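Note sheet for the following structure.
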Amino acid sequence: METSHGLVETPMFMPVGTQGSVKAIEQRELVELGAQIILGNTYHLYLRPGVDVIESAGGLHGFIGWNKPILTDSGGYQIFSLTDLREIEEDGVTFRSHVDGSTHVFTPESVITIQRQLGSDVMMVLDECAPHPCDIEYAQRSNGLTIRWAERCRNAFEQDGSRYGHAQGLFGIVQGSIYREIRELSAQALVKMDFDGYAIGGLAVGEPVEQMYEITEFCEALLPREKPRYLMGVGTPQNLLESIERGMDMFDCVLPTRNGRNANLFTRTGSLNLRNAVHKTDLSPVDPECTCYTCKNFSRAYLRHLFQVKEILALQLATIHNLSFYLWLMREAHKAIHQRRFAEWKHSILSGLRTGQVGIQ
Ligand SMILES: [Zn+2]
């Protein structure tokens with residue numbers, strides 16, 4: 001995927017930099033790990049520090065000192081998941097800040113303006129992520145609104161140009177809950193609007209994983225092959241591989257960073273919980289095959305100790321390793337696809353992931 005801050009190879013994993021920072025890791029470390037693109041959350045950045053501050057710094061890239069690509073969401077998902085007293089109307093959504101209770105309104109037009117001010121390489125349309133479960137009537141109504149909002153975002157995108165002289169792309173988001181007929185309507189309407197890429201939203205919200213794969217596969221067939229497809233908010237290493245096999249190119253998830261901060265480490269032989277006593281005297285690295293800074297220099301026993309005594313370094317080292325693992329997985333997937341041996345490679349990775357999972361989380 002070409003952006004004005006460089007080429008991003010797919011499949012890609014985007015570390016989540018919610019508030020302009022990927023938690024517990026420095027930007028230079030992200031570069032070192034091979035992160036190609038990070039995600040910023042419009043809702044959080046709009047509330048704090050505010051878009052005027054970011055605009056005065058020349059946009060999000062300048063403000064956070066990151067000159068690689070950035071994707072920003074529209075803020076919709078956080079409004080629906082974090083705020084109470086929200087009101088969805090045709091014009092937009094009114095919500096109360098989770099920080100100080102102040103009232104704000106996001107419209108399709110305003111989220112485009114905000115993302116123009118942020119200057120992200122990939123911007124997302126405002127959508128309603130329908131809750132799970134939801135009945136078909138709700139999903140239909142919600143999807144109608146999401147399509148009208150997408151069209152208004154598309155128009156605002158045409159009218160309101162880039163602030164910083166670099167090109168920005170806009171992605172549509174396919175919604176429709178678990179209903180194929182609504183997903184189809186959604187995809188068809190969005191494809192007509194000719195977005196730069198397409199996301200599949202409203203999955204990984206509590207539905208069974210098989211249903212998530214089924215809907216992903218169904219939507220994929222409706223989206224243009226030459227444009228990036230982004231499966232939002234997914235997921236575990238297993239989820240990523242299954243979704244890549246189903247044609248997905250882009251992923252974001254808090255799992256590697258959040259789990260890392262909870263002493264849950266991903267390895268090639270499954271995940272392990274460093275709080276478990278079994279690691280107290282274990283001088284082996286977290287993942288013997290991993291070449292990250294954490295695995296090259298430190299033992300499970302040392303990391304466990306850092307977690308036990310609540311040292312900040314524990315969070316940093318765990319985050320480095322978990323992101324390193326996810327980014328490695330994407331690079332290997334890229335290679336396997338090019339060598340036309342993805343299915344075989346996926347099988348070997350998945351059987352590896354299952355081997356060490358006995359008795360650990
Ligand atoms: Zn490592």
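We label chains A, B, ... in the order they appear in the structure tokens, count residues from 1 in each chain, and number ligands from 1 in the order shown.
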Practice item. Write down as a PyMOL selection string the residues of region 33-276 of chain A whose backbone DSSP state falls under alpha helix (DSSP H). Key: chain A and resi 33+42-47+51-56+60-64+76-82+108-118+136-159+180-192+209-220+237-245+255-261
For the interface of chain A with ligand 1 (cut-off 6 Å, counting only C-alpha atoms and all ligand atoms), please tabulate each contacting residue of chain A alongside its nearest pair of atoms and their separation in Å to one decimal, rows sorted by chain and increasing number, as a tab-separated table.
```
residue	atom	partner	partner_atom_place_in_ligand_line	distance
A:Asp287	CA	ligand 1	1 (Zn)	5.8
A:Cys290	CA	ligand 1	1 (Zn)	4.5
A:Thr291	CA	ligand 1	1 (Zn)	5.7
A:Cys292	CA	ligand 1	1 (Zn)	4.2
A:Thr294	CA	ligand 1	1 (Zn)	5.3
A:Cys295	CA	ligand 1	1 (Zn)	4.2
A:His321	CA	ligand 1	1 (Zn)	3.9
```
Restricting it to N, CA and C atoms, dump the selection as a tab-separated table (two decimals), in the first residue's frame.
```tsv
chain	number	residue	atom	x	y	z
A	287	ASP	N	11.06	-16.30	24.15
A	287	ASP	CA	10.89	-17.11	22.95
A	287	ASP	C	12.27	-17.34	22.36
A	290	CYS	N	13.10	-15.97	18.98
A	290	CYS	CA	12.87	-14.56	18.69
A	290	CYS	C	14.19	-13.79	18.80
A	291	THR	N	14.37	-12.80	17.90
A	291	THR	CA	15.61	-12.03	17.90
A	291	THR	C	15.40	-10.61	18.44
A	292	CYS	N	14.28	-10.37	19.13
A	292	CYS	CA	14.04	-9.02	19.64
A	292	CYS	C	14.99	-8.71	20.81
A	294	THR	N	14.39	-7.93	23.83
A	294	THR	CA	14.00	-8.62	25.07
A	294	THR	C	14.52	-10.05	25.09
A	295	CYS	N	14.27	-10.78	24.00
A	295	CYS	CA	14.65	-12.19	23.99
A	295	CYS	C	16.16	-12.39	23.88
A	321	HIS	N	8.64	-7.38	23.00
A	321	HIS	CA	8.57	-8.75	22.50
A	321	HIS	C	7.25	-9.03	21.78
```
Point to revise | Spatial neighbours of Leu82 (chain A), 12 Å, only C-alpha atoms, chain gap at least 2 places, as an MDAnalysis selection string | key: chainID A and resid 43:44 75:80 84:86 95:99 101
Give me a file of those residues, with C-alpha atoms, as a short mmCIF file (atom, residue, chain, number, x, y, z; two decimals), in the first residue's frame.
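File written: part_37.cif
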```
data_model
loop_
_atom_site.label_atom_id
_atom_site.label_comp_id
_atom_site.auth_asym_id
_atom_site.auth_seq_id
_atom_site.Cartn_x
_atom_site.Cartn_y
_atom_site.Cartn_z
CA TYR A 43 -11.75 10.38 19.61
CA HIS A 44 -8.91 10.45 22.15
CA GLY A 75 -13.78 8.14 16.52
CA GLY A 76 -17.11 6.36 16.07
CA TYR A 77 -16.06 3.14 17.73
CA GLN A 78 -14.83 4.88 20.90
CA ILE A 79 -17.99 6.95 21.10
CA PHE A 80 -20.06 3.80 21.03
CA ASP A 84 -22.61 7.15 27.87
CA LEU A 85 -25.44 9.54 27.09
CA ARG A 86 -24.75 9.42 23.40
CA PHE A 95 -21.72 12.28 23.14
CA ARG A 96 -20.25 13.10 26.49
CA SER A 97 -16.52 12.97 26.94
CA HIS A 98 -15.38 10.09 29.16
CA VAL A 99 -12.72 12.49 30.51
CA GLY A 101 -18.37 14.83 30.84
#
```
Revision key, fill the gap. From the list A:Val51, A:Val278, A:Met193, A:Ile147, the nearest residue to Leu118 (chain A) using only C-alpha atoms is A:Val51
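Near region 229-242 of chain A, within a cut-off of 6 Å and counting only C-alpha atoms, sit the residues Tyr198, Ala199, Ile200, Gly201, Glu245, Met248, Asp249, Met250, Phe251, Asp252 and Cys253 of chain A, with same-chain residues fewer than 3 positions away left out.
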Sort by chain and increasing residue number a table of all residues of region 55-117 of chain A within 12 Å of region 30-40 of chain A, each with its closest pair of atoms and their distance in Å to one decimal, counting only C-alpha atoms, and write it as a tab-separated table.
```
residue	atom	partner	partner_atom	distance
A:Gly59	CA	A:Gly40	CA	12.0
A:Leu60	CA	A:Gly40	CA	8.7
A:His61	CA	A:Gly40	CA	10.4
A:Ile64	CA	A:Gly40	CA	10.5
A:Gly65	CA	A:Val31	CA	11.5
A:Trp66	CA	A:Ile38	CA	9.1
A:Asn67	CA	A:Ile37	CA	9.5
A:Lys68	CA	A:Ile37	CA	6.1
A:Pro69	CA	A:Ile37	CA	4.8
A:Ile70	CA	A:Ile38	CA	5.1
A:Leu71	CA	A:Leu39	CA	4.8
A:Thr72	CA	A:Gly40	CA	4.8
A:Asp73	CA	A:Gly40	CA	6.9
A:Ser74	CA	A:Gly40	CA	9.7
A:Gly75	CA	A:Gly40	CA	9.7
A:Gln78	CA	A:Gly40	CA	11.8
A:Gln115	CA	A:Gly40	CA	10.1
```
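The strand (DSSP E) portion of region 60-216 of chain A consists of Ile70, Leu71, Thr72, Glu87, Ile88, Val93, Thr94, Phe95, Arg96, Thr103, His104, Val105, Phe106, Val122, Met123, Met124, Gly169, Leu170, Phe171, Gly172, Ile173, Val174, Gly197, Tyr198, Ala199 and Ile200 of chain A, with states taken from DSSP on the backbone.
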Just-selected residues, C-alpha atoms written as a short mmCIF file (atom, residue, chain, number, x, y, z; two decimals), in the first residue's frame:
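Saved result, part.cif, follows:
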```
data_model
loop_
_atom_site.label_atom_id
_atom_site.label_comp_id
_atom_site.auth_asym_id
_atom_site.auth_seq_id
_atom_site.Cartn_x
_atom_site.Cartn_y
_atom_site.Cartn_z
CA ILE A 70 -0.42 6.70 10.31
CA LEU A 71 -4.01 5.52 10.10
CA THR A 72 -6.67 7.28 12.14
CA GLU A 87 -27.44 10.23 20.91
CA ILE A 88 -27.33 9.02 17.34
CA VAL A 93 -23.70 11.64 17.09
CA THR A 94 -23.76 13.69 20.28
CA PHE A 95 -21.72 12.28 23.14
CA ARG A 96 -20.25 13.10 26.49
CA THR A 103 -20.78 17.42 25.38
CA HIS A 104 -19.51 17.08 21.80
CA VAL A 105 -20.93 16.36 18.38
CA PHE A 106 -19.26 14.31 15.64
CA VAL A 122 -5.35 6.82 5.95
CA MET A 123 -8.58 8.28 7.29
CA MET A 124 -11.73 6.35 8.12
CA GLY A 169 -6.62 8.34 1.61
CA LEU A 170 -10.13 7.56 2.83
CA PHE A 171 -11.47 4.08 3.59
CA GLY A 172 -15.10 2.98 3.72
CA ILE A 173 -16.28 0.54 6.42
CA VAL A 174 -18.55 -2.40 5.60
CA GLY A 197 -9.59 0.99 0.63
CA TYR A 198 -12.25 -0.92 2.50
CA ALA A 199 -12.52 -1.98 6.09
CA ILE A 200 -14.74 -4.67 7.51
#
```
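Among the candidate residues A:Arg354, A:Arg183, A:Arg341, A:Lys192, the one lying nearest to Asn143 (chain A) is A:Arg183, with distances computed using only C-alpha atoms.
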